[in-house]
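Undergrad: Sharing a structure, written as structure tokens. Questions coming.
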Amino acid sequence: MAKSRQHFSSQDSSLSPTSVRSKEWEGPSRWTEYLGPEPSPMTSRSSRTAGPDGQIVQSAGVSHKGLNMQWVVQLTEVAEGLMAKMYRLNQILDYPDPVGHTFSEAFWKAGVFPNHPRLCLLLSKKFPEHYSKLQLERVDKVALDALHDNAGLHLQSLEPWVQLLLDLMAFREQALRLILDLSSTVITLLPHQNSLILHAFMDLFCSFVRVNLFSEKIPRKMMLQMYNLLHAISRNDRDCDFYHRLVQFIDGYDPPLKGLKEDLNFVSPRIGEVLEAVGPIIFLSTDTRKLRNEGFLSPYHPRYPDILTNSAHPMRAQDLANVTSYREWVLFGYLVCPDELLRVTSIDIALVVLKENLVLTLFRDEYILLHEEYQLFVLPRIIESKKMAKSGRTKQKEADLEYSVAKQVEKMISEVHEQALLSCDAIHRERRILLKQEIGRMVLFFTDQPSLLAPNIQMVFSALAFAQCEVLWYFQHVGIASSKSKAVRMVSVEIDPSDPTIGFLLDGMDHLCCLVRKYIAAIRGYALSYLSSCAGRIRFLLNTPGMVALDLDASLKSLFQQIVQHLENIPKPQGENVSAITCDLSEFRKDWLSILMIVTSSRSSINIRHLEKATVSTGKEGLLSEGNAAYNWSRCVDELESQLSKHASLKKLYFYHQHLTAVFRNTMFGPEGRPQHCCAWLGVASSFPECASPIVPEEVTKIGRDAVLYVESLIESIMGGLEGLINILDSEGGFGALENQLLPEQAASYMNSASRISITSAKSPKGAPGFPLPGHESRPENNASIKMLEAAVQRLTNLCSVLNDMEPICVLNHVFVLREYMRECILGNLRRRLLAVLKTDNDLQRPTVLESLIRRHISIIHLAEQHISMDLTQGIREVLLSEAFSGPVSSLHLFEKPEEQHTGSATEAVCNWYIENIIKDISGAGILFAPIHKCFKSTRPVGGYFADSVTDLRELKAFARIFGGYGVDRLDRLLKEHTAALLNCIDTSLRSNRDVLEAVAGSLHSGDRNEREASIKQIVDIDTVIGFCVQAGLALAFDRSLAEAAGTVLFEGAPLIHSLLAGISKHIPEEIPEKKEVRRLRGVANNVGVVDNHDSQWVRLILEEVGGANDGSWSLLPYFFAAFMTSNIWTTTAFNVDTGGFNNNMHCLARCISAVIAGSEFVRVEREYQQRQSLSNGHVGESVDSEQSRLSAEASIKSTMQLFVKFSASIILDSWSETNRSHLVAQLIFLDQLCEISPYLPRSSLEPHVPYAILRSIYSQYYTNSPNTPLALLSISPRHSPAVSLSHASPAARQPRGDSTPQYDSGYFKGSSSHGQEHIYDGGSSRSTEHRQQNYRRSGPLDYGSSRKVKFAEGSTSGNTGPSPLPRFAVSRSGPISYK
């Protein structure tokens, strides 16, 4: 404890009944521990009460002519300290029940009492019997032996708490003596005559009652008995010296109300007088109609708006500030002085207060059940009085009246409990509504007219005190269960946890306090002016004939003169320097209290009645009224903050902070909640640490920690509500309902459904109910949802504005800045929203849909940003950047790619999905690249969509806009890594089959067919390598589309940079080896699609990064690729007119072969150049050599490609026979497409090996007939026919039914993407200008006439009706492909 008591033996003698009381026992010095090092501001001055000869008298707080006010206030502070100690003991002991002898397991483990329940309970139950009479050894011999062994330790743990019992006993004696002395010597204790001394007296009275009632909640009996037993064990069976006095004290206060009634019986009449005197104010406070109609809490009179200063009843409005104290006086006064209820007017006062309360708060959150205590202790006394009055009827005339009153009181106490259970919440709810309205008006009025705040400051204090009382009452009664008087069952009070008035009251109190603090200089200035004028009035009153005739003694006259001097010495406020005036009026207040103590004492020759008679005849306020008014206004000069704290502090809510949090969550975002209230809910926590008592040092840490947790919990709720509002607006029922659009698939489904029903039918189409149609929000039945949307927008903007303007919340050394929390909340919610909408229930969200959802969310953030004084747009960029790139910031400034490139989770998820589902096709959805549409298609949905819905140019542009350059780079990097792995497989296969390939090369050159076929058959896993190459081709096609999308987005967002790259790419020097800067620039240009030769450059970069194509086996690459022509995969390969490619992506093999041959040759030539340079040390012919190397590389690529075409055509035509020709058409078209794709392979390269006549015939039959039916060639077996294989594999021939993706448009010359974007290829060009850079022809090799093209276009409209029989041109053997 703060003050240790280690030497009890030295004090025991002074505490024995026979010894003389020591000075420490009597005087204030005993309570140093409770009062602290600094005396209270009201009593810091030494006790100055002069006797007749002028000497200062100090004796136990009583002087010859007046009482010492200091001692009254100090004992009230001591009571607070005693209750804080008892509260802490209760916490340590886990809130025991000493009356019912119920103790938890934690009680015995707390270390205060020995863990021997049987012994302790016996000693407690047998109190006040001495332990020697209880035969303890028979009860628990083992425990008793243990006590003998550890008596010293147990004594030490009990010692501070036994000292608390001693302090309680000493407090009882000193406080009671002072209460009795005040009661007997003070002439008047009426509120309108002597309010200052009355409040001090009643505060001490209530504290005295509280302390003794609270003491019943600690195990006093067990504590004393066990301590005495341990003391006897360690001191040879000798009782501690104070044992018998404490036994007498505890027994006398068992129960406490019994002792309190006996002790306070003498002051009972004075208490009754006081309670009768405060009755009118209590009645007024309960009459909400009168308060409202008469304007007691309004700055202007309701019926007379011109009267702005509420001059009708200023004193009565001021008294309302004390009504909380008055109610407590009534509850405590009638409880311990029940005889005063027999006064005629007391029953109404008691009924009003008892009807609206169920509990009587003792200290913090400790309470007793009010009505149970009245029925147990007050009712028997009333019944006894009734019996006495009845028996004395014939003897006294007043007996009838006493009997009647006693009977009414008995009935009231018996019935009021039931009334309170039913009506108390309704009474207080009505009062809270009144205060909500009055304080709201008060805030608006004083905000508009701040000059009227100072004259009405006492009324502001009344409103604050009223609201403070109601808020505390609400939380004190949450969860209270009270037993009815006639029934045993418990009835809980129905307190509405979602009552919105609490938020309004807290907010109103907070605004009023802010106004007072804002205009504190004006209030001080007004108070100083009042005190200056008051000095003249008091001097005038002192010089009136009546006062002169009183012949005041020297000491009293001196005090009056000092009062006048204090007031006259007040500095005069001039101009704007009021706030700079420092004025301490504590001495003035002390002198005035000294005067009051003298003139209200019955021992003084001059008393209050003399002064009033001497001064009231002037027709003005009496001397005491002026002095009391000056006392109150002086507190507005130098104690305004403490006044504000007294009337408006909600620090006691700390003890109900769990309920506080629950009510906040129920009301803040309810229909009646207001966002601006959150400031007040949070601001309450700033005062929580003030609850900590200096007597219990550990409370500061605990309460501070709880206050911080409370603020964090509320902030979490507020931010959760903020997120909820944003997400409501961002939902499909929010802004999503206002921007409803049909996807192309939905529109097609709707139109198809609508076309199947008759026009006259009133029914909706079957496809429509699946999704709302645009414009549905304008229908009358949707008005409510639109209004709710508007309310959500208003609430969001209000909340953002309030949080932005809110001052930082300071709790101890923690500072909470709501603006920063709001920023983190909004941006964190954006990040979570981005990750949430990234995936649908099935799979990846379409990038265009994802972009629209993100844009919608960002638009809501921009809406909130208009009310926030910070840049959220920068934060949005940071979030999107972090999801696209999350490596170290330094990596953003390095041109070299770091080995471990960390990326955002969103980008990583999207990129991995594309690699796994589109390139690798792990779900087996039948991914096909459609060169015509420049996107990927699938035979069944990949996740929730068909492949073309997530891979066409529009979707990839949306991806680039969402994730920016870092997202594009990441996807490009993953494609490169995947392609590098595939190229490594090619390298491995080349190495393992090197000998065989050399034999194949020799046979191809020699023309030995048999040796060639035998060698090719020895190549291992050729079909597997073909699959790898097809995947590499898919990756090349995807990256090409990605580069085009990135270039388009770059052109839209930064056209100057795009044009710069496009211009530079045409003038990049072609040299080998390339400089680092040139290579980097070419790579950037390649990534945005401004380089013609994308594929070969891309493969070249991959091979350079991984060090590929560094083996001599790569020279056999054309022979290895030519061997692919012998694979069985060609037997199931068929050309598809709809897609411009093959049904198994073999056209991607052509893209791969072209890029790999070109890239590997560039790398080989560059490596040879570097070797030559290293041998010659780079001295001669560097530029010429570099140019020759580039030319030799291009020549080598061309020769290699021509070699591949030559040998492939040879293998194709050699392998054709009458019995095996199903592969021929596909292979010839494949070679034609290779020439189209490769920039190094002229069209004429194919003519010597495959005449154009053959290709013309093939394309003629494909485009002349229905595109849905593939070209069928003569074959021995139907299962080898391309027609059969195509009908089983091609998406054009086999479309799934019932999906949302429209059927593929069937024309070659009229292609259609999944989004309905049409591209018409007309006239004399086989390629549109837009796609000329791709070196890819969209028609056959021949230049058909316009009539032929129109015919084809018309024929293309006949699709989607199923296959039709085709004239098979190859039935006769005289066709163009029947010759060898």
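Here's how to read the names in the structure tokens: chain A, B, ... by the order shown, residue numbers from 1 in each chain, ligand numbers from 1 in the order shown.
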So that I can check the surroundings of Ser989 of chain A, please list as an MDAnalysis selection string every protein, DNA and RNA residue that reaches within 9 Å of it, counting only C-alpha atoms and ignoring chain neighbours fewer than 2 positions away.
TA: chainID A and resid 984:987 991:994 1019:1022 1025
Undergrad: Could you dump the residues just selected with N, CA and C atoms as a short mmCIF file (atom, residue, chain, number, x, y, z; two decimals), in the first residue's frame?
TA:
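That gives us selection_29.cif:
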```
data_model
loop_
_atom_site.label_atom_id
_atom_site.label_comp_id
_atom_site.auth_asym_id
_atom_site.auth_seq_id
_atom_site.Cartn_x
_atom_site.Cartn_y
_atom_site.Cartn_z
N ASN A 984 13.68 -25.52 -73.06
CA ASN A 984 14.64 -26.43 -72.44
C ASN A 984 14.32 -27.87 -72.79
N CYS A 985 13.02 -28.19 -72.88
CA CYS A 985 12.64 -29.55 -73.30
C CYS A 985 13.08 -29.82 -74.73
N ILE A 986 12.94 -28.78 -75.59
CA ILE A 986 13.42 -28.94 -76.98
C ILE A 986 14.93 -29.17 -76.98
N ASP A 987 15.64 -28.39 -76.18
CA ASP A 987 17.09 -28.54 -76.09
C ASP A 987 17.48 -29.94 -75.62
N ARG A 991 19.54 -32.78 -77.77
CA ARG A 991 20.78 -33.41 -77.29
C ARG A 991 20.64 -34.94 -77.28
N SER A 992 19.51 -35.40 -76.77
CA SER A 992 19.36 -36.86 -76.64
C SER A 992 19.22 -37.55 -77.99
N ASN A 993 18.68 -36.82 -78.98
CA ASN A 993 18.48 -37.44 -80.29
C ASN A 993 19.48 -36.94 -81.33
N ARG A 994 20.61 -36.46 -80.87
CA ARG A 994 21.56 -35.82 -81.81
C ARG A 994 22.05 -36.79 -82.88
N ILE A 1019 13.55 -41.41 -83.28
CA ILE A 1019 13.47 -40.18 -82.45
C ILE A 1019 12.52 -40.43 -81.27
N VAL A 1020 12.99 -40.15 -80.10
CA VAL A 1020 12.23 -40.46 -78.87
C VAL A 1020 11.23 -39.35 -78.57
N ASP A 1021 10.00 -39.73 -78.20
CA ASP A 1021 8.96 -38.82 -77.70
C ASP A 1021 8.73 -37.63 -78.62
N ILE A 1022 8.60 -37.88 -79.90
CA ILE A 1022 8.41 -36.76 -80.81
C ILE A 1022 7.05 -36.10 -80.61
N VAL A 1025 7.23 -33.68 -77.66
CA VAL A 1025 7.91 -32.43 -78.01
C VAL A 1025 7.00 -31.55 -78.85
#
```
Undergrad: Write out as an MDAnalysis selection string each polymer residue whose atoms come within 7 Å of Gly622 of chain A, counting only C-alpha atoms; drop sequence neighbours fewer than 6 positions from it.
TA: chainID A and resid 612 615:616
Undergrad: Write out as JSON, numbers by chain the residues lying within 7 Å of segment 167-180 of chain A, counting only C-alpha atoms and excluding same-chain residues fewer than 3 positions away.
TA: {"A": [75, 163, 164, 183, 184, 205, 208, 249, 267]}
Undergrad: Out of A:Leu1191, A:Leu528, A:Ile919, A:Val811, which residue has the shortest atom-to-atom distance to Glu1071 of chain A when counting only C-alpha atoms?
TA: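 Ranking A:Leu1191, A:Leu528, A:Ile919, A:Val811 by distance to Glu1071 of chain A, first place goes to A:Leu1191.
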Undergrad: Got a sec: who's within 12 Å of Ala630 of chain A, counting only C-alpha atoms, leaving out chain neighbours fewer than 4 positions off, as a compact mmCIF listing (two decimals) with all heavy atoms, in the first residue's frame?
TA:
```
# COMPACT_ATOMS: atom_id res chain seq x y z
N ALA A 527 -17.61 37.20 -15.72
CA ALA A 527 -17.54 36.93 -14.28
C ALA A 527 -16.73 38.02 -13.57
O ALA A 527 -17.08 38.47 -12.47
CB ALA A 527 -16.94 35.55 -14.04
N LEU A 528 -15.62 38.44 -14.18
CA LEU A 528 -14.81 39.50 -13.57
C LEU A 528 -15.59 40.81 -13.47
O LEU A 528 -15.51 41.54 -12.47
CB LEU A 528 -13.52 39.70 -14.38
CG LEU A 528 -12.47 38.59 -14.27
CD1 LEU A 528 -11.36 38.80 -15.29
CD2 LEU A 528 -11.89 38.53 -12.87
N SER A 529 -16.35 41.09 -14.53
CA SER A 529 -17.16 42.31 -14.50
C SER A 529 -18.21 42.23 -13.39
O SER A 529 -18.45 43.21 -12.66
CB SER A 529 -17.85 42.52 -15.85
OG SER A 529 -16.90 42.65 -16.87
N TYR A 530 -18.83 41.06 -13.25
CA TYR A 530 -19.83 40.89 -12.21
C TYR A 530 -19.21 41.08 -10.83
O TYR A 530 -19.76 41.78 -9.96
CB TYR A 530 -20.48 39.51 -12.31
CG TYR A 530 -21.54 39.26 -11.26
CD1 TYR A 530 -22.86 39.61 -11.50
CD2 TYR A 530 -21.21 38.72 -10.01
CE1 TYR A 530 -23.83 39.42 -10.53
CE2 TYR A 530 -22.17 38.52 -9.05
CZ TYR A 530 -23.48 38.87 -9.31
OH TYR A 530 -24.44 38.69 -8.34
N LEU A 531 -18.02 40.49 -10.60
CA LEU A 531 -17.38 40.59 -9.29
C LEU A 531 -16.97 42.03 -9.00
O LEU A 531 -17.03 42.48 -7.85
CB LEU A 531 -16.16 39.67 -9.24
CG LEU A 531 -16.48 38.15 -9.28
CD1 LEU A 531 -15.19 37.34 -9.37
CD2 LEU A 531 -17.26 37.73 -8.06
N SER A 532 -16.54 42.76 -10.03
CA SER A 532 -16.16 44.16 -9.82
C SER A 532 -17.37 44.98 -9.36
O SER A 532 -17.29 45.82 -8.44
CB SER A 532 -15.58 44.74 -11.10
OG SER A 532 -14.41 44.05 -11.46
N SER A 533 -18.50 44.76 -10.02
CA SER A 533 -19.71 45.48 -9.60
C SER A 533 -20.21 45.00 -8.24
O SER A 533 -20.77 45.79 -7.46
CB SER A 533 -20.81 45.30 -10.65
OG SER A 533 -21.19 43.94 -10.74
N CYS A 534 -19.96 43.74 -7.94
CA CYS A 534 -20.40 43.18 -6.66
C CYS A 534 -19.61 43.83 -5.51
O CYS A 534 -20.15 43.98 -4.39
CB CYS A 534 -20.21 41.68 -6.67
SG CYS A 534 -20.89 40.83 -5.25
N ALA A 535 -18.37 44.21 -5.73
CA ALA A 535 -17.56 44.82 -4.67
C ALA A 535 -18.22 46.10 -4.18
O ALA A 535 -18.31 46.37 -2.97
CB ALA A 535 -16.16 45.11 -5.19
N GLY A 536 -18.72 46.90 -5.10
CA GLY A 536 -19.39 48.14 -4.70
C GLY A 536 -20.65 47.87 -3.91
O GLY A 536 -20.95 48.57 -2.92
N ARG A 537 -21.40 46.87 -4.34
CA ARG A 537 -22.65 46.56 -3.63
C ARG A 537 -22.38 46.06 -2.22
O ARG A 537 -23.08 46.43 -1.27
CB ARG A 537 -23.46 45.53 -4.43
CG ARG A 537 -24.02 46.08 -5.74
CD ARG A 537 -25.09 45.18 -6.32
NE ARG A 537 -24.56 43.85 -6.68
CZ ARG A 537 -24.05 43.55 -7.85
NH1 ARG A 537 -23.97 44.49 -8.80
NH2 ARG A 537 -23.62 42.34 -8.11
N ILE A 538 -21.37 45.20 -2.07
CA ILE A 538 -21.06 44.68 -0.74
C ILE A 538 -20.55 45.81 0.16
O ILE A 538 -20.91 45.90 1.34
CB ILE A 538 -20.04 43.53 -0.86
CG1 ILE A 538 -20.69 42.31 -1.51
CG2 ILE A 538 -19.48 43.17 0.52
CD1 ILE A 538 -19.78 41.13 -1.70
N ILE A 563 -12.83 40.62 2.23
CA ILE A 563 -13.69 40.24 1.11
C ILE A 563 -13.80 41.40 0.12
O ILE A 563 -13.63 41.23 -1.10
CB ILE A 563 -15.09 39.84 1.62
CG1 ILE A 563 -15.03 38.51 2.38
CG2 ILE A 563 -16.09 39.75 0.47
CD1 ILE A 563 -14.66 37.33 1.53
N VAL A 564 -14.06 42.59 0.65
CA VAL A 564 -14.18 43.76 -0.23
C VAL A 564 -12.87 44.04 -0.95
O VAL A 564 -12.85 44.36 -2.15
CB VAL A 564 -14.63 44.98 0.60
CG1 VAL A 564 -14.63 46.24 -0.29
CG2 VAL A 564 -16.01 44.76 1.18
N HIS A 566 -10.51 41.88 -1.71
CA HIS A 566 -10.33 40.85 -2.76
C HIS A 566 -11.09 41.25 -4.01
O HIS A 566 -10.55 41.18 -5.14
CB HIS A 566 -10.83 39.49 -2.27
CG HIS A 566 -9.92 38.81 -1.29
ND1 HIS A 566 -8.56 38.70 -1.48
CD2 HIS A 566 -10.19 38.21 -0.09
CE1 HIS A 566 -8.01 38.06 -0.45
NE2 HIS A 566 -8.99 37.75 0.41
N LEU A 567 -12.32 41.67 -3.84
CA LEU A 567 -13.15 42.00 -5.00
C LEU A 567 -12.69 43.27 -5.69
O LEU A 567 -12.74 43.38 -6.92
CB LEU A 567 -14.61 42.13 -4.58
CG LEU A 567 -15.28 40.83 -4.08
CD1 LEU A 567 -16.69 41.11 -3.61
CD2 LEU A 567 -15.30 39.78 -5.18
N LEU A 585 -8.69 33.52 -7.07
CA LEU A 585 -9.69 33.99 -6.10
C LEU A 585 -9.94 32.97 -4.99
O LEU A 585 -10.96 33.03 -4.31
CB LEU A 585 -11.01 34.29 -6.83
CG LEU A 585 -10.95 35.43 -7.85
CD1 LEU A 585 -12.28 35.57 -8.58
CD2 LEU A 585 -10.58 36.74 -7.18
N PHE A 588 -10.30 34.60 -1.62
CA PHE A 588 -11.62 35.21 -1.45
C PHE A 588 -12.64 34.17 -1.01
O PHE A 588 -13.43 34.38 -0.09
CB PHE A 588 -12.06 35.87 -2.75
CG PHE A 588 -13.55 36.11 -2.85
CD1 PHE A 588 -14.14 37.13 -2.12
CD2 PHE A 588 -14.35 35.32 -3.66
CE1 PHE A 588 -15.50 37.36 -2.20
CE2 PHE A 588 -15.71 35.54 -3.73
CZ PHE A 588 -16.29 36.56 -3.01
N ARG A 589 -12.61 33.00 -1.64
CA ARG A 589 -13.58 31.97 -1.29
C ARG A 589 -13.34 31.42 0.11
O ARG A 589 -14.29 31.12 0.85
CB ARG A 589 -13.53 30.84 -2.34
CG ARG A 589 -14.12 31.24 -3.68
CD ARG A 589 -14.28 30.05 -4.61
NE ARG A 589 -12.98 29.53 -5.03
CZ ARG A 589 -12.32 29.97 -6.09
NH1 ARG A 589 -12.83 30.98 -6.81
NH2 ARG A 589 -11.16 29.45 -6.43
N TRP A 592 -14.70 33.92 2.59
CA TRP A 592 -16.16 33.90 2.62
C TRP A 592 -16.69 32.68 3.37
O TRP A 592 -17.66 32.76 4.13
CB TRP A 592 -16.72 33.95 1.21
CG TRP A 592 -18.22 34.00 1.19
CD1 TRP A 592 -19.08 33.05 0.79
CD2 TRP A 592 -19.04 35.09 1.66
NE1 TRP A 592 -20.37 33.45 0.94
CE2 TRP A 592 -20.39 34.71 1.49
CE3 TRP A 592 -18.74 36.35 2.19
CZ2 TRP A 592 -21.45 35.53 1.83
CZ3 TRP A 592 -19.80 37.17 2.54
CH2 TRP A 592 -21.14 36.77 2.38
N LEU A 593 -16.04 31.54 3.17
CA LEU A 593 -16.45 30.35 3.93
C LEU A 593 -16.22 30.54 5.42
O LEU A 593 -17.02 30.10 6.26
CB LEU A 593 -15.68 29.12 3.43
CG LEU A 593 -16.15 28.53 2.10
CD1 LEU A 593 -15.22 27.41 1.66
CD2 LEU A 593 -17.57 28.00 2.22
N LEU A 623 -26.80 40.87 2.20
CA LEU A 623 -25.35 40.74 2.19
C LEU A 623 -24.92 39.31 1.89
O LEU A 623 -24.03 39.06 1.07
CB LEU A 623 -24.77 41.18 3.54
CG LEU A 623 -23.26 41.12 3.70
CD1 LEU A 623 -22.58 42.03 2.67
CD2 LEU A 623 -22.83 41.53 5.11
N LEU A 624 -25.58 38.35 2.51
CA LEU A 624 -25.21 36.95 2.29
C LEU A 624 -25.56 36.50 0.87
O LEU A 624 -24.83 35.72 0.27
CB LEU A 624 -25.90 36.06 3.32
CG LEU A 624 -25.37 36.21 4.76
CD1 LEU A 624 -26.14 35.33 5.72
CD2 LEU A 624 -23.89 35.88 4.82
N SER A 625 -26.68 36.97 0.35
CA SER A 625 -27.04 36.60 -1.03
C SER A 625 -26.00 37.13 -2.01
O SER A 625 -25.59 36.42 -2.95
CB SER A 625 -28.42 37.17 -1.38
OG SER A 625 -29.39 36.64 -0.53
N GLU A 626 -25.55 38.38 -1.80
CA GLU A 626 -24.52 38.94 -2.67
C GLU A 626 -23.22 38.16 -2.55
O GLU A 626 -22.55 37.87 -3.55
CB GLU A 626 -24.27 40.42 -2.30
CG GLU A 626 -25.38 41.36 -2.74
CD GLU A 626 -25.33 41.63 -4.24
OE1 GLU A 626 -24.45 41.08 -4.93
OE2 GLU A 626 -26.20 42.38 -4.73
N SER A 634 -17.10 33.67 -8.80
CA SER A 634 -15.63 33.61 -8.72
C SER A 634 -15.10 32.28 -9.23
O SER A 634 -13.97 32.21 -9.74
CB SER A 634 -15.18 33.84 -7.27
OG SER A 634 -15.48 32.70 -6.47
N ARG A 635 -15.90 31.25 -9.10
CA ARG A 635 -15.45 29.93 -9.58
C ARG A 635 -15.42 29.89 -11.11
O ARG A 635 -14.75 29.03 -11.68
CB ARG A 635 -16.36 28.84 -9.04
CG ARG A 635 -16.43 28.81 -7.52
CD ARG A 635 -16.99 27.51 -7.00
NE ARG A 635 -16.09 26.41 -7.30
CZ ARG A 635 -16.39 25.13 -7.05
NH1 ARG A 635 -17.53 24.82 -6.48
NH2 ARG A 635 -15.54 24.18 -7.34
N CYS A 636 -16.16 30.81 -11.76
CA CYS A 636 -16.12 30.87 -13.22
C CYS A 636 -14.88 31.61 -13.72
O CYS A 636 -14.66 31.68 -14.94
CB CYS A 636 -17.37 31.56 -13.76
SG CYS A 636 -18.87 30.60 -13.50
N VAL A 637 -14.10 32.16 -12.81
CA VAL A 637 -12.88 32.87 -13.20
C VAL A 637 -11.68 31.93 -13.21
O VAL A 637 -10.98 31.80 -14.21
CB VAL A 637 -12.62 34.07 -12.28
CG1 VAL A 637 -11.29 34.74 -12.63
CG2 VAL A 637 -13.75 35.08 -12.38
```
Undergrad: If you count only C-alpha atoms, which residues fall within 9 Å of segment 656-660 of chain A, apart from same-chain ones fewer than 5 positions away, as a ChimeraX atom specification?
TA: /A:365,475-476,478,497,665,681,706-707,710
Undergrad: Per DSSP on the backbone, filter segment 992-1230 of chain A down to the residues in strand (DSSP E or B) and report them as a list in words.
TA: Phe1135, Asn1136, Gly1141 and Phe1142 of chain A
Undergrad: Show me, as a Markdown table, the residues of segment 364-464 of chain A having an atom within 9 Å of segment 349-357 of chain A, each with the closest atom pair and its distance in Å, using only C-alpha atoms.
TA:
```
| residue | atom | partner | partner_atom | distance |
| --- | --- | --- | --- | --- |
| A:Leu370 | CA | A:Asn357 | CA | 7.5 |
| A:His371 | CA | A:Leu354 | CA | 7.7 |
| A:Met412 | CA | A:Leu351 | CA | 7.0 |
| A:Ile413 | CA | A:Leu351 | CA | 8.1 |
| A:Val416 | CA | A:Lys355 | CA | 5.9 |
| A:His417 | CA | A:Lys355 | CA | 7.1 |
| A:Glu418 | CA | A:Lys355 | CA | 8.8 |
| A:Gln419 | CA | A:Lys355 | CA | 6.3 |
| A:Ala420 | CA | A:Lys355 | CA | 4.5 |
| A:Leu421 | CA | A:Lys355 | CA | 8.3 |
| A:Ser423 | CA | A:Glu356 | CA | 7.2 |
| A:Cys424 | CA | A:Glu356 | CA | 4.4 |
| A:Asp425 | CA | A:Glu356 | CA | 7.6 |
| A:Ile427 | CA | A:Glu356 | CA | 6.8 |
| A:His428 | CA | A:Glu356 | CA | 7.4 |
```
Undergrad: Selected residues, N, CA and C atoms, written as an mmCIF file, in the first residue's frame, please.
TA:
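part_27.cif written:
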```
data_model
loop_
_atom_site.group_PDB
_atom_site.id
_atom_site.type_symbol
_atom_site.label_atom_id
_atom_site.label_comp_id
_atom_site.auth_asym_id
_atom_site.auth_seq_id
_atom_site.Cartn_x
_atom_site.Cartn_y
_atom_site.Cartn_z
ATOM 1 N N LEU A 370 -32.137 -0.816 -3.910
ATOM 2 C CA LEU A 370 -32.759 0.238 -3.115
ATOM 3 C C LEU A 370 -34.025 -0.242 -2.405
ATOM 4 N N HIS A 371 -34.934 -0.807 -3.154
ATOM 5 C CA HIS A 371 -36.240 -1.136 -2.576
ATOM 6 C C HIS A 371 -36.146 -2.294 -1.596
ATOM 7 N N MET A 412 -46.976 3.093 0.642
ATOM 8 C CA MET A 412 -46.082 3.591 -0.413
ATOM 9 C C MET A 412 -44.868 2.690 -0.566
ATOM 10 N N ILE A 413 -44.207 2.356 0.524
ATOM 11 C CA ILE A 413 -43.000 1.528 0.442
ATOM 12 C C ILE A 413 -43.336 0.141 -0.096
ATOM 13 N N VAL A 416 -44.273 0.866 -4.078
ATOM 14 C CA VAL A 416 -43.444 1.650 -4.989
ATOM 15 C C VAL A 416 -42.462 0.791 -5.766
ATOM 16 N N HIS A 417 -42.090 -0.351 -5.208
ATOM 17 C CA HIS A 417 -41.153 -1.221 -5.933
ATOM 18 C C HIS A 417 -41.767 -1.707 -7.235
ATOM 19 N N GLU A 418 -43.018 -2.142 -7.163
ATOM 20 C CA GLU A 418 -43.700 -2.588 -8.370
ATOM 21 C C GLU A 418 -43.824 -1.450 -9.374
ATOM 22 N N GLN A 419 -44.137 -0.277 -8.891
ATOM 23 C CA GLN A 419 -44.252 0.884 -9.783
ATOM 24 C C GLN A 419 -42.912 1.204 -10.440
ATOM 25 N N ALA A 420 -41.852 1.112 -9.658
ATOM 26 C CA ALA A 420 -40.526 1.430 -10.207
ATOM 27 C C ALA A 420 -40.131 0.458 -11.301
ATOM 28 N N LEU A 421 -40.427 -0.833 -11.098
ATOM 29 C CA LEU A 421 -40.074 -1.826 -12.106
ATOM 30 C C LEU A 421 -40.788 -1.540 -13.424
ATOM 31 N N SER A 423 -42.225 1.536 -14.402
ATOM 32 C CA SER A 423 -42.233 2.888 -14.958
ATOM 33 C C SER A 423 -40.894 3.604 -14.974
ATOM 34 N N CYS A 424 -39.895 3.098 -14.265
ATOM 35 C CA CYS A 424 -38.666 3.898 -14.145
ATOM 36 C C CYS A 424 -38.011 4.152 -15.501
ATOM 37 N N ASP A 425 -38.001 3.128 -16.370
ATOM 38 C CA ASP A 425 -37.349 3.335 -17.669
ATOM 39 C C ASP A 425 -38.110 4.331 -18.514
ATOM 40 N N ILE A 427 -39.961 6.815 -17.414
ATOM 41 C CA ILE A 427 -39.747 8.149 -16.843
ATOM 42 C C ILE A 427 -38.439 8.736 -17.346
ATOM 43 N N HIS A 428 -37.394 7.929 -17.277
ATOM 44 C CA HIS A 428 -36.081 8.446 -17.673
ATOM 45 C C HIS A 428 -35.964 8.593 -19.179
#
```
